[in-house]
$ cat protein.cif   # mmCIF, C-alpha atoms and all ligand atoms
data_target
#
loop_
_atom_site.label_atom_id
_atom_site.label_comp_id
_atom_site.auth_asym_id
_atom_site.auth_seq_id
_atom_site.Cartn_x
_atom_site.Cartn_y
_atom_site.Cartn_z
CA MET F 25 0.00 0.00 0.00
CA ALA F 26 1.29 3.46 -0.89
CA ASP F 27 1.97 5.73 2.08
CA LEU F 28 -0.96 8.03 2.78
CA PRO F 29 -0.32 11.78 2.69
CA THR F 30 0.64 13.12 6.07
CA HIS F 31 1.04 16.48 7.74
CA ILE F 32 4.48 16.63 9.34
CA ILE F 33 4.69 18.91 12.32
CA ALA F 34 7.59 19.83 14.60
CA VAL F 35 7.30 18.39 18.10
CA ASP F 36 7.32 21.68 19.99
CA VAL F 37 4.75 23.26 17.63
CA LEU F 38 2.46 20.26 18.08
CA ARG F 39 2.86 20.30 21.87
CA ARG F 40 2.10 24.01 22.07
CA PHE F 41 -0.96 23.70 19.80
CA VAL F 42 -2.42 20.77 21.77
CA GLY F 43 -1.69 22.52 25.09
CA ASP F 44 -3.51 25.62 23.80
CA ILE F 45 -6.49 23.49 22.75
CA PHE F 46 -6.94 21.99 26.21
CA THR F 47 -6.42 25.35 27.90
CA ALA F 48 -9.09 26.85 25.63
CA ALA F 49 -11.32 23.86 26.41
CA GLY F 50 -11.17 24.66 30.11
CA THR F 51 -8.13 23.10 31.79
CA ALA F 52 -5.52 25.13 33.65
CA ARG F 53 -2.51 25.87 31.44
CA ASP F 54 -0.21 23.46 33.29
CA GLU F 55 -2.74 20.65 32.94
CA GLY F 56 -3.24 21.43 29.24
CA GLU F 57 0.52 21.28 28.73
CA ARG F 58 0.73 18.01 30.64
CA ILE F 59 -1.97 16.40 28.49
CA ALA F 60 -0.16 17.67 25.39
CA HIS F 61 3.18 16.33 26.64
CA HIS F 62 1.84 12.80 27.13
CA LEU F 63 -0.23 12.64 23.95
CA VAL F 64 2.73 13.83 21.89
CA SER F 65 4.96 11.35 23.74
CA ALA F 66 2.74 8.53 22.39
CA ASN F 67 3.23 9.89 18.85
CA LEU F 68 6.97 10.20 19.44
CA THR F 69 7.20 6.52 20.34
CA GLY F 70 5.22 5.52 17.25
CA HIS F 71 1.99 4.73 19.13
CA ASP F 72 -0.13 7.17 17.12
CA SER F 73 -3.26 5.36 18.29
CA HIS F 74 -2.68 6.89 21.75
CA GLY F 75 -1.38 10.24 20.60
CA VAL F 76 -2.94 13.49 19.45
CA ILE F 77 -5.57 11.58 17.44
CA ARG F 78 -7.34 11.54 20.83
CA VAL F 79 -7.63 15.34 21.09
CA PRO F 80 -11.18 15.70 19.66
CA ARG F 81 -12.42 12.82 21.82
CA TYR F 82 -10.79 14.17 25.01
CA VAL F 83 -12.21 17.65 24.40
CA GLN F 84 -15.66 16.12 23.91
CA ASN F 85 -15.22 14.02 27.07
CA LEU F 86 -14.40 17.21 29.01
CA ALA F 87 -17.44 19.01 27.60
CA ASP F 88 -19.65 16.01 28.48
CA GLY F 89 -18.31 15.83 32.05
CA ASP F 90 -16.90 12.34 31.44
CA VAL F 91 -13.47 13.58 32.49
CA LEU F 92 -12.83 16.47 34.89
CA ALA F 93 -10.16 19.16 34.86
CA GLY F 94 -8.08 19.97 37.93
CA GLN F 95 -8.51 16.68 39.79
CA VAL F 96 -5.90 14.98 41.99
CA ILE F 97 -5.68 11.48 43.46
CA SER F 98 -7.26 10.67 46.79
CA VAL F 99 -6.03 7.88 49.02
CA VAL F 100 -8.75 5.32 49.75
CA THR F 101 -6.61 3.10 51.94
CA GLU F 102 -2.89 2.43 52.34
CA GLY F 103 -0.10 0.70 54.24
CA PRO F 104 3.69 0.91 54.04
CA THR F 105 3.83 -1.09 50.80
CA HIS F 106 0.45 -0.59 49.21
CA ALA F 107 -2.15 2.04 48.41
CA VAL F 108 -5.56 2.20 46.81
CA LEU F 109 -5.92 5.50 44.97
CA ASP F 110 -8.97 7.10 43.38
CA GLY F 111 -8.41 9.17 40.25
CA ASN F 112 -11.70 11.06 40.74
CA LEU F 113 -12.33 11.08 36.96
CA GLY F 114 -9.36 13.39 36.45
CA PHE F 115 -7.39 13.47 33.21
CA GLY F 116 -5.20 10.36 33.06
CA GLN F 117 -2.24 12.58 32.16
CA THR F 118 -2.61 14.31 35.55
CA ILE F 119 -3.66 11.30 37.63
CA GLY F 120 -1.09 8.91 36.08
CA PRO F 121 2.03 10.80 37.24
CA LEU F 122 0.57 11.34 40.72
CA ALA F 123 -0.18 7.62 41.09
CA VAL F 124 3.25 6.57 39.80
CA ASP F 125 5.04 9.01 42.09
CA TYR F 126 3.04 7.67 45.05
CA GLY F 127 4.16 4.11 44.32
CA VAL F 128 7.75 5.13 43.59
CA ALA F 129 8.09 6.92 46.94
CA LYS F 130 6.85 3.84 48.83
CA ALA F 131 9.06 1.45 46.85
CA ARG F 132 12.16 3.62 47.38
CA SER F 133 11.61 3.35 51.10
CA GLU F 134 10.33 -0.25 51.44
CA GLY F 135 11.81 -2.00 48.41
CA MET F 136 8.45 -2.65 46.77
CA ALA F 137 4.97 -1.21 46.54
CA VAL F 138 1.64 -2.11 44.97
CA VAL F 139 -0.65 0.71 43.90
CA ALA F 140 -4.24 0.06 42.85
CA LEU F 141 -5.62 3.02 40.90
CA ARG F 142 -9.28 3.37 40.03
CA ASN F 143 -11.49 5.92 38.29
CA ALA F 144 -8.77 7.58 36.24
CA GLY F 145 -9.60 9.26 32.95
CA HIS F 146 -7.88 7.65 29.94
CA ILE F 147 -4.23 7.16 30.98
CA GLY F 148 -3.10 6.71 27.37
CA ARG F 149 0.14 4.98 26.58
CA ILE F 150 1.06 2.89 29.63
CA GLY F 151 4.74 2.93 28.68
CA ASP F 152 4.85 6.56 29.87
CA TRP F 153 4.18 5.37 33.42
CA GLY F 154 6.77 2.59 33.27
CA GLU F 155 9.30 5.10 31.92
CA ARG F 156 8.49 7.53 34.74
CA ALA F 157 9.24 4.86 37.39
CA ALA F 158 12.38 3.78 35.48
CA LYS F 159 13.72 7.35 35.71
CA SER F 160 13.82 6.77 39.49
CA GLY F 161 15.66 3.47 38.95
CA LEU F 162 12.59 1.31 39.64
CA ILE F 163 11.27 -1.74 37.84
CA SER F 164 7.51 -1.59 37.34
CA LEU F 165 4.69 -3.85 36.15
CA HIS F 166 1.28 -2.48 35.20
CA PHE F 167 -2.00 -4.29 34.54
CA VAL F 168 -4.71 -2.07 33.09
CA ASN F 169 -8.39 -2.29 32.19
CA VAL F 170 -11.01 0.10 30.87
CA ALA F 171 -14.18 0.18 32.94
CA GLY F 172 -17.13 0.57 30.60
CA GLY F 173 -14.94 -0.16 27.57
CA GLU F 174 -15.91 -3.67 26.51
CA LEU F 175 -14.45 -4.31 23.05
CA VAL F 176 -12.64 -7.64 23.01
CA ALA F 177 -14.02 -11.15 22.61
CA PRO F 178 -12.54 -13.88 24.83
CA PHE F 179 -10.81 -16.88 23.22
CA GLY F 180 -13.54 -19.08 21.77
CA GLY F 181 -16.23 -16.37 22.07
CA VAL F 182 -17.70 -13.67 19.83
CA ASP F 183 -19.21 -11.35 22.44
CA ARG F 184 -17.33 -8.37 23.89
CA ARG F 185 -16.17 -9.20 27.40
CA PHE F 186 -12.79 -7.47 27.93
CA SER F 187 -11.36 -4.08 27.13
CA THR F 188 -8.05 -3.91 25.28
CA ASN F 189 -6.32 -4.28 28.67
CA PRO F 190 -2.69 -3.28 28.26
CA VAL F 191 0.16 -4.85 30.20
CA CYS F 192 3.47 -3.06 30.71
CA ILE F 193 6.78 -4.15 32.24
CA CYS F 194 9.56 -1.60 32.36
CA ILE F 195 13.18 -2.17 33.41
CA PRO F 196 15.48 0.79 34.09
CA MET F 197 18.76 0.90 32.20
CA GLU F 198 21.80 3.16 32.50
CA PRO F 199 21.02 6.80 33.39
CA GLY F 200 19.97 8.69 30.25
CA LYS F 201 19.44 5.47 28.26
CA PRO F 202 15.95 4.22 27.28
CA PRO F 203 14.62 1.46 29.55
CA LEU F 204 13.69 -2.04 28.44
CA LEU F 205 9.97 -1.58 27.90
CA LEU F 206 7.32 -4.14 27.14
CA ASP F 207 4.01 -2.35 26.62
CA PHE F 208 1.13 -3.75 24.61
CA ALA F 209 -2.62 -4.22 24.50
CA THR F 210 -3.83 -7.80 25.09
CA SER F 211 -6.04 -7.50 22.01
CA VAL F 212 -4.66 -8.22 18.53
CA VAL F 213 -4.75 -4.44 18.07
CA ALA F 214 -5.46 -1.50 20.38
CA GLU F 215 -8.81 0.16 19.55
CA GLY F 216 -6.93 3.25 18.40
CA LYS F 217 -5.39 1.18 15.60
CA ALA F 218 -8.91 0.43 14.32
CA LEU F 219 -9.58 4.18 14.59
CA VAL F 220 -6.45 4.90 12.54
CA ALA F 221 -7.44 2.23 9.95
CA SER F 222 -11.00 3.59 9.75
CA ASN F 223 -9.52 6.99 8.76
CA GLY F 224 -7.62 5.42 5.88
CA GLY F 225 -4.44 4.73 7.84
CA LYS F 226 -2.53 1.48 8.28
CA PRO F 227 -4.96 -1.40 7.63
CA LEU F 228 -5.74 -3.85 10.43
CA PRO F 229 -4.03 -7.24 10.29
CA ASP F 230 -6.10 -10.13 8.93
CA GLY F 231 -8.43 -11.57 11.55
CA ALA F 232 -7.92 -8.75 14.07
CA LEU F 233 -11.71 -8.55 14.49
CA ILE F 234 -14.53 -11.07 14.78
CA GLY F 235 -18.14 -10.63 13.67
CA PRO F 236 -21.20 -11.80 15.62
CA ASP F 237 -21.39 -14.77 13.23
CA GLY F 238 -17.90 -15.87 14.33
CA LYS F 239 -16.29 -14.84 10.99
CA LEU F 240 -12.88 -13.18 11.24
CA SER F 241 -12.54 -9.70 9.75
CA SER F 242 -10.14 -6.79 9.33
CA ASP F 243 -12.81 -4.26 8.35
CA PRO F 244 -13.11 -1.46 10.99
CA ALA F 245 -16.87 -1.37 10.22
CA THR F 246 -17.08 -4.61 12.23
CA LEU F 247 -16.27 -2.43 15.23
CA TYR F 248 -17.80 0.94 14.31
CA GLY F 249 -20.71 0.08 12.00
CA PRO F 250 -20.94 1.69 8.53
CA LEU F 251 -18.08 4.14 8.01
CA THR F 252 -18.69 7.58 6.55
CA PRO F 253 -15.71 9.90 5.88
CA GLY F 254 -15.21 12.13 8.93
CA GLY F 255 -18.26 10.48 10.54
CA PRO F 256 -18.41 9.26 14.13
CA ARG F 257 -16.35 6.27 15.20
CA ALA F 258 -18.20 4.96 18.23
CA ALA F 259 -17.21 1.40 19.04
CA GLY F 260 -20.70 0.88 20.46
CA ASN F 261 -22.14 1.16 16.93
CA GLY F 262 -20.56 -1.96 15.44
CA PRO F 263 -21.77 -5.52 15.74
CA GLY F 264 -18.42 -7.27 16.26
CA ALA F 265 -15.41 -7.32 18.56
CA ILE F 266 -11.61 -7.14 18.54
CA ARG F 267 -9.95 -10.50 19.18
CA ALA F 268 -7.65 -11.17 22.11
CA PHE F 269 -4.06 -11.81 20.95
CA GLY F 270 -2.32 -15.14 21.39
CA ASP F 271 -5.39 -17.39 21.57
CA HIS F 272 -6.03 -18.71 25.10
CA LYS F 273 -2.84 -17.13 26.48
CA GLY F 274 -3.57 -13.51 25.53
CA SER F 275 -7.22 -13.98 26.37
CA GLY F 276 -6.21 -15.29 29.81
CA LEU F 277 -3.95 -12.28 30.35
CA ALA F 278 -6.78 -9.91 29.37
CA PHE F 279 -9.08 -11.74 31.79
CA MET F 280 -6.57 -11.33 34.65
CA CYS F 281 -6.21 -7.60 33.86
CA GLU F 282 -9.96 -7.28 34.47
CA ILE F 283 -9.62 -9.00 37.85
CA LEU F 284 -6.51 -7.04 38.94
CA ALA F 285 -7.23 -3.60 37.44
CA GLY F 286 -11.04 -3.75 37.54
CA VAL F 287 -12.00 -5.84 40.59
CA LEU F 288 -9.04 -5.51 43.00
CA THR F 289 -8.72 -1.74 42.48
CA GLY F 290 -12.41 -1.33 43.33
CA GLY F 291 -12.99 0.38 39.96
CA ALA F 292 -15.05 -1.79 37.65
CA THR F 293 -14.56 -4.46 35.03
CA SER F 294 -15.07 -3.48 31.39
CA GLY F 295 -18.58 -4.88 31.36
CA PRO F 296 -21.39 -5.47 31.43
CA VAL F 297 -22.13 -1.96 30.16
CA PRO F 298 -25.64 -0.83 31.17
CA THR F 299 -28.03 -0.77 28.20
CA GLU F 300 -29.83 2.23 29.72
CA GLY F 301 -27.79 5.40 30.13
CA ARG F 302 -24.05 5.63 29.75
CA ARG F 303 -21.17 4.57 31.90
CA LYS F 304 -18.19 6.91 32.05
CA ILE F 305 -15.13 5.23 30.58
CA THR F 306 -12.27 5.06 33.07
CA ASN F 307 -8.98 3.24 33.39
CA GLY F 308 -8.05 1.05 36.34
CA MET F 309 -4.39 0.12 36.86
CA LEU F 310 -2.68 -2.24 39.27
CA SER F 311 1.00 -1.30 39.44
CA ILE F 312 3.87 -3.11 41.16
CA TYR F 313 7.08 -1.17 41.80
CA LEU F 314 10.34 -2.89 42.71
CA ASP F 315 13.60 -1.24 43.74
CA PRO F 316 16.46 -3.48 42.53
CA ASP F 317 18.77 -2.01 45.19
CA HIS F 318 16.60 -3.65 47.88
CA PHE F 319 16.95 -7.03 46.17
CA GLY F 320 20.70 -7.16 46.65
CA SER F 321 21.30 -6.94 42.89
CA GLN F 322 23.87 -4.15 42.83
CA ASN F 323 24.81 -5.06 39.24
CA PHE F 324 21.21 -5.29 38.11
CA VAL F 325 21.45 -2.81 35.24
CA ALA F 326 24.78 -4.13 33.97
CA GLU F 327 23.58 -7.73 34.06
CA ALA F 328 20.24 -6.89 32.43
CA ARG F 329 22.14 -5.00 29.69
CA ALA F 330 24.49 -7.96 29.15
CA TYR F 331 21.54 -10.29 28.80
CA ALA F 332 19.73 -7.93 26.39
CA ASN F 333 22.90 -7.84 24.27
CA TYR F 334 23.06 -11.65 24.31
CA VAL F 335 19.43 -11.84 23.12
CA LYS F 336 20.14 -9.32 20.37
CA ALA F 337 23.12 -11.35 19.21
CA SER F 338 20.82 -14.20 18.12
CA ARG F 339 21.17 -15.08 14.44
CA VAL F 340 18.29 -13.53 12.52
CA ALA F 341 15.41 -15.29 10.82
CA GLU F 342 14.75 -14.93 7.09
CA ASP F 343 13.91 -11.36 6.02
CA VAL F 344 14.64 -9.96 9.48
CA ALA F 345 17.37 -7.31 9.72
CA GLU F 346 17.96 -7.37 13.44
CA VAL F 347 16.66 -8.81 16.71
CA LEU F 348 15.22 -6.03 18.85
CA VAL F 349 14.49 -6.06 22.57
CA PRO F 350 11.30 -4.49 23.97
CA GLY F 351 11.47 -0.71 23.94
CA GLU F 352 13.94 -0.42 21.05
CA PRO F 353 11.34 0.36 18.37
CA GLU F 354 9.91 3.15 20.55
CA ALA F 355 13.35 4.62 21.34
CA ARG F 356 14.29 4.68 17.65
CA THR F 357 11.02 6.25 16.55
CA ARG F 358 11.39 8.87 19.27
CA ALA F 359 14.89 9.80 18.09
CA ASP F 360 13.66 10.05 14.49
CA ARG F 361 10.52 12.09 15.21
CA MET F 362 12.26 14.45 17.64
CA LYS F 363 14.54 15.33 14.75
CA ASN F 364 12.24 15.15 11.74
CA GLY F 365 8.83 15.98 13.20
CA VAL F 366 5.67 13.95 13.83
CA PRO F 367 3.81 12.66 10.76
CA LEU F 368 0.02 12.82 11.23
CA GLN F 369 -2.54 11.45 8.82
CA LEU F 370 -4.38 14.30 7.14
CA ASP F 371 -7.74 13.22 8.58
CA THR F 372 -6.26 13.21 12.06
CA TRP F 373 -4.70 16.64 11.59
CA ARG F 374 -7.92 18.09 10.12
CA SER F 375 -10.00 16.78 13.02
CA ILE F 376 -7.60 18.39 15.54
CA VAL F 377 -7.68 21.69 13.64
CA ALA F 378 -11.50 21.54 13.52
CA THR F 379 -11.57 21.03 17.30
CA ALA F 380 -9.19 23.97 17.75
CA ARG F 381 -11.30 26.22 15.49
CA GLY F 382 -14.40 25.28 17.50
CA LEU F 383 -12.57 26.72 20.51
CA GLY F 384 -11.59 29.91 18.69
CA LEU F 385 -7.99 28.90 17.88
CA ALA F 386 -6.27 29.11 14.51
CA GLU F 387 -4.17 26.40 12.83
CA PRO F 388 -0.47 26.97 13.61
CA ASN F 389 1.73 28.11 10.71
P1 LIG F 401 2.37 -3.07 19.89
O1 LIG F 401 1.65 -4.20 19.30
O2 LIG F 401 2.98 -2.06 18.96
O3 LIG F 401 3.53 -3.67 20.81
C1 LIG F 401 4.42 -2.79 21.44
C2 LIG F 401 5.42 -3.57 22.25
O4 LIG F 401 6.10 -4.55 21.44
C3 LIG F 401 6.51 -2.66 22.78
O5 LIG F 401 6.96 -3.15 24.02
C4 LIG F 401 7.60 -2.78 21.70
O6 LIG F 401 8.88 -2.40 22.18
C5 LIG F 401 7.51 -4.23 21.37
N1 LIG F 401 7.97 -4.52 20.00
C6 LIG F 401 7.41 -4.06 18.86
N2 LIG F 401 8.09 -4.54 17.79
C7 LIG F 401 9.09 -5.33 18.28
C8 LIG F 401 10.13 -6.11 17.70
N3 LIG F 401 10.28 -6.19 16.37
N4 LIG F 401 10.96 -6.78 18.50
C9 LIG F 401 10.83 -6.71 19.85
N5 LIG F 401 9.86 -5.99 20.48
C10 LIG F 401 9.01 -5.31 19.70
O7 LIG F 401 1.48 -2.26 20.95
P2 LIG F 401 -0.13 -2.19 21.01
O8 LIG F 401 -0.68 -3.45 21.53
O9 LIG F 401 -0.62 -1.67 19.72
O10 LIG F 401 -0.32 -1.05 22.12
C11 LIG F 401 -0.12 0.31 21.76
C12 LIG F 401 -0.22 1.21 22.95
O11 LIG F 401 -1.57 1.29 23.36
C13 LIG F 401 0.56 0.81 24.20
O12 LIG F 401 1.38 1.89 24.55
C14 LIG F 401 -0.51 0.57 25.26
O13 LIG F 401 -0.12 0.96 26.56
C15 LIG F 401 -1.62 1.45 24.77
N6 LIG F 401 -2.95 1.05 25.24
C16 LIG F 401 -3.55 1.81 26.19
C17 LIG F 401 -4.84 1.48 26.62
C18 LIG F 401 -5.53 2.28 27.68
O14 LIG F 401 -6.67 1.96 28.04
N7 LIG F 401 -4.97 3.31 28.23
C19 LIG F 401 -5.50 0.38 26.07
C20 LIG F 401 -4.86 -0.37 25.11
C21 LIG F 401 -3.58 -0.03 24.69
#

$ encode --input "protein.cif" --output "structure tokens" --more "lines below"
Ligand code: NAD
Amino acid sequence: MADLPTHIIAVDVLRRFVGDIFTAAGTARDEGERIAHHLVSANLTGHDSHGVIRVPRYVQNLADGDVLAGQVISVVTEGPTHAVLDGNLGFGQTIGPLAVDYGVAKARSEGMAVVALRNAGHIGRIGDWGERAAKSGLISLHFVNVAGGELVAPFGGVDRRFSTNPVCICIPMEPGKPPLLLDFATSVVAEGKALVASNGGKPLPDGALIGPDGKLSSDPATLYGPLTPGGPRAAGNGPGAIRAFGDHKGSGLAFMCEILAGVLTGGATSGPVPTEGRRKITNGMLSIYLDPDHFGSQNFVAEARAYANYVKASRVAEDVAEVLVPGEPEARTRADRMKNGVPLQLDTWRSIVATARGLGLAEPN
């Protein structure tokens, strides 16, 4: 497939524009800038599905009262090595850093900490939170669900039962170097990738979706219903579901995310979604923070690096240029886009500009 035309925009221009949009939409300037920072960070790492494509939706969520500006975390209960935190429907880009910093402080003192976060607005790319803990030298594991966001059929089923439930494991490396970072949705694709495909972007892989008749599909209409250019993309409108990745294994992981991030946090599982009325869509996240210094592994980073190098030294399979370790694709894309700008599909760019105009802002030059 030929590359679709894109609008390439410098990182700082994009950040400023998105920050201005949220400020005009009603957040304080620092919160607007924080949201912009994290959305652009997703684009920088190549995860466009969780980047600025979300701006129109977030602005609508704010207008609808589904996410609230100016919120902070509140502590529901805690001990020396654990805490249950409520995100109070605040923007995930505000609540996420507060929750991570809470867990990091406990783990620095006690060696480990478990933080159960509930009722956060969309916390976006989970890798951001792993990277934040890694900057303090901590290992972290994150299990996430989306209350009210049923989209994914379980292995062997056709009905939506899970959300796209990302899992993230992040390992700090040498100061200033990118961490080892495993961060993926437990569905074949994140919903945002269907959104991107529905706007004419990268097509979905074969069999990423499943229809109510059990037939596999890669047509985003399976998820959104009939697609009109620039029309709404509400996942509730389609008859089908995204499939869990990795057959019974990925489906099992998605299931456990619901239990850990939905039930244990005291948030909610992704379903059932009430047929009457609307449930606000929130993220739950169970995070585990570990301080390697407390585990007696003084050479942890050096030994992890040596092992990563050993893995990378594997002979390559046919048509593969190089073995990568988790986090390398993101680090490389970040280096490239910081230098050359962020490519956005034209539809995505136009929808952001339309949102900005609706708030009285002009397109940046
Ligand atoms: P993906 O399929 O692109 O997988 C990304 C992971 O695979 C990364 O760890 C990456 O380093 C690794 N990887 C990719 N290519 C590799 C290679 N050749 N060799 C070795 N490792 C490689 O990710 P995804 O499932 O599309 O998820 C995208 C993003 O969506 C994630 O950041 C996730 O956190 C986010 N997400 C968020 C939510 C939410 O509710 N907030 C829900 C779903 C997904």

$ atom_distance --input "protein.cif" --atom1 "CA of Glu155 in chain F" --atom2 "CA of Leu204 in chain F"
9.1 Å

$ axis_aligned_box --input "protein.cif" --around "ligand LIG 401 (chain F)" --padding-each-side "6 Å" --output "AutoDock Vina command-line options"
--center_x 2.1 --center_y -1.7 --center_z 22.3 --size_x 29.6 --size_y 22.1 --size_z 23.9

$ closest_atom_pairs --input "protein.cif" --of "chain F" --to "ligand LIG 401 (chain F)" --cutoff "7 Å" --atoms "only C-alpha atoms and all ligand atoms" --output "tab-separated table"
residue	atom	partner	partner_atom	distance
F:His71	CA	F:LIG401	C11	5.6
F:Ser73	CA	F:LIG401	O11	6.7
F:His74	CA	F:LIG401	O11	5.9
F:His146	CA	F:LIG401	N7	5.5
F:Ile147	CA	F:LIG401	N7	4.8
F:Gly148	CA	F:LIG401	N7	4.0
F:Arg149	CA	F:LIG401	O12	3.9
F:Ile150	CA	F:LIG401	O13	3.8
F:Gly151	CA	F:LIG401	O12	5.4
F:Val168	CA	F:LIG401	O14	6.8
F:Asn169	CA	F:LIG401	O14	6.2
F:Val170	CA	F:LIG401	O14	5.5
F:Thr188	CA	F:LIG401	C20	4.8
F:Asn189	CA	F:LIG401	C19	5.4
F:Pro190	CA	F:LIG401	C20	4.8
F:Val191	CA	F:LIG401	O13	6.9
F:Cys192	CA	F:LIG401	O13	6.8
F:Leu205	CA	F:LIG401	O5	5.2
F:Leu206	CA	F:LIG401	O5	3.3
F:Asp207	CA	F:LIG401	O5	4.0
F:Phe208	CA	F:LIG401	O8	3.6
F:Ala209	CA	F:LIG401	O8	3.6
F:Thr210	CA	F:LIG401	O8	6.4
F:Ser211	CA	F:LIG401	O8	6.7
F:Val212	CA	F:LIG401	O8	6.9
F:Val213	CA	F:LIG401	O9	5.2
F:Ala214	CA	F:LIG401	O9	4.9
F:Glu215	CA	F:LIG401	C20	6.8
F:Lys217	CA	F:LIG401	O9	6.9
F:Asn307	CA	F:LIG401	O14	6.0
F:Val347	CA	F:LIG401	N4	6.3
F:Leu348	CA	F:LIG401	N4	4.3
F:Val349	CA	F:LIG401	C9	4.6
F:Pro350	CA	F:LIG401	O6	3.7
F:Gly351	CA	F:LIG401	O6	3.6
F:Glu352	CA	F:LIG401	O6	5.5
F:Pro353	CA	F:LIG401	O6	5.3
F:Glu354	CA	F:LIG401	O6	5.9

$ atom_distance --input "protein.cif" --atom1 "CA of Gly161 in chain F" --atom2 "CA of Glu55 in chain F"
25.9 Å

$ residues_around --input "protein.cif" --residues "Ile234 in chain F" --least-positions-apart "2" --cutoff "12 Å" --atoms "all atoms listed in the file" --output "ChimeraX atom specification"
/F:175-184,211-212,230-232,236-247,262-268

$ write_last_selection --input "protein.cif" --atoms "C-alpha atoms" --output "PDB file, in the frame of the given file"
ATOM      1  CA  LEU F 175     -14.450  -4.310  23.050  1.00  0.00           C
ATOM      2  CA  VAL F 176     -12.640  -7.640  23.010  1.00  0.00           C
ATOM      3  CA  ALA F 177     -14.020 -11.150  22.610  1.00  0.00           C
ATOM      4  CA  PRO F 178     -12.540 -13.880  24.830  1.00  0.00           C
ATOM      5  CA  PHE F 179     -10.810 -16.880  23.220  1.00  0.00           C
ATOM      6  CA  GLY F 180     -13.540 -19.080  21.770  1.00  0.00           C
ATOM      7  CA  GLY F 181     -16.230 -16.370  22.070  1.00  0.00           C
ATOM      8  CA  VAL F 182     -17.700 -13.670  19.830  1.00  0.00           C
ATOM      9  CA  ASP F 183     -19.210 -11.350  22.440  1.00  0.00           C
ATOM     10  CA  ARG F 184     -17.330  -8.370  23.890  1.00  0.00           C
ATOM     11  CA  SER F 211      -6.040  -7.500  22.010  1.00  0.00           C
ATOM     12  CA  VAL F 212      -4.660  -8.220  18.530  1.00  0.00           C
ATOM     13  CA  ASP F 230      -6.100 -10.130   8.930  1.00  0.00           C
ATOM     14  CA  GLY F 231      -8.430 -11.570  11.550  1.00  0.00           C
ATOM     15  CA  ALA F 232      -7.920  -8.750  14.070  1.00  0.00           C
ATOM     16  CA  PRO F 236     -21.200 -11.800  15.620  1.00  0.00           C
ATOM     17  CA  ASP F 237     -21.390 -14.770  13.230  1.00  0.00           C
ATOM     18  CA  GLY F 238     -17.900 -15.870  14.330  1.00  0.00           C
ATOM     19  CA  LYS F 239     -16.290 -14.840  10.990  1.00  0.00           C
ATOM     20  CA  LEU F 240     -12.880 -13.180  11.240  1.00  0.00           C
ATOM     21  CA  SER F 241     -12.540  -9.700   9.750  1.00  0.00           C
ATOM     22  CA  SER F 242     -10.140  -6.790   9.330  1.00  0.00           C
ATOM     23  CA  ASP F 243     -12.810  -4.260   8.350  1.00  0.00           C
ATOM     24  CA  PRO F 244     -13.110  -1.460  10.990  1.00  0.00           C
ATOM     25  CA  ALA F 245     -16.870  -1.370  10.220  1.00  0.00           C
ATOM     26  CA  THR F 246     -17.080  -4.610  12.230  1.00  0.00           C
ATOM     27  CA  LEU F 247     -16.270  -2.430  15.230  1.00  0.00           C
ATOM     28  CA  GLY F 262     -20.560  -1.960  15.440  1.00  0.00           C
ATOM     29  CA  PRO F 263     -21.770  -5.520  15.740  1.00  0.00           C
ATOM     30  CA  GLY F 264     -18.420  -7.270  16.260  1.00  0.00           C
ATOM     31  CA  ALA F 265     -15.410  -7.320  18.560  1.00  0.00           C
ATOM     32  CA  ILE F 266     -11.610  -7.140  18.540  1.00  0.00           C
ATOM     33  CA  ARG F 267      -9.950 -10.500  19.180  1.00  0.00           C
ATOM     34  CA  ALA F 268      -7.650 -11.170  22.110  1.00  0.00           C
TER      35      ALA F 268
END

$ closest_residue --input "protein.cif" --among "F:Tyr331, F:Phe115, F:Tyr313, F:Phe41" --to "Leu162 in chain F" --atoms "all atoms listed in the file"
F:Tyr313

$ atom_distance --input "protein.cif" --atom1 "CA of Ala171 in chain F" --atom2 "CA of Leu92 in chain F"
16.5 Å

$ residues_around --input "protein.cif" --residues "Gly365 in chain F" --least-positions-apart "4" --cutoff "6 Å" --atoms "only C-alpha atoms" --output "list in words"
Ile32, Ile33, Ala34, Val35 and Arg361 of chain F

$ closest_residue --input "protein.cif" --among "F:Leu63, F:Ala144, F:Val139, F:Cys194" --to "Gln95 in chain F" --atoms "all atoms listed in the file"
F:Ala144

$ residues_near_point --input "protein.cif" --point "(-0.7, -0.2, 52.4)" --cutoff "10 Å" --atoms "all atoms listed in the file" --output "PyMOL selection string"
chain F and resi 101-108+130+137-139

$ write_last_selection --input "protein.cif" --atoms "C-alpha atoms" --output "compact mmCIF listing (two decimals), in the coordinates of the input"
# COMPACT_ATOMS: atom_id res chain seq x y z
CA THR F 101 -6.61 3.10 51.94
CA GLU F 102 -2.89 2.43 52.34
CA GLY F 103 -0.10 0.70 54.24
CA PRO F 104 3.69 0.91 54.04
CA THR F 105 3.83 -1.09 50.80
CA HIS F 106 0.45 -0.59 49.21
CA ALA F 107 -2.15 2.04 48.41
CA VAL F 108 -5.56 2.20 46.81
CA LYS F 130 6.85 3.84 48.83
CA ALA F 137 4.97 -1.21 46.54
CA VAL F 138 1.64 -2.11 44.97
CA VAL F 139 -0.65 0.71 43.90

$ closest_residue --input "protein.cif" --among "F:Val128, F:Leu122, F:Val64, F:Leu370" --to "Gly225 in chain F" --atoms "all atoms listed in the file"
F:Leu370

$ closest_residue --input "protein.cif" --among "F:His318, F:Lys304, F:Lys336, F:His166" --to "Ser133 in chain F" --atoms "all atoms listed in the file"
F:His318

$ residues_around --input "protein.cif" --residues "Gly120 in chain F" --least-positions-apart "4" --cutoff "7 Å" --atoms "all atoms listed in the file" --output "PyMOL selection string"
chain F and resi 116+124+147+153
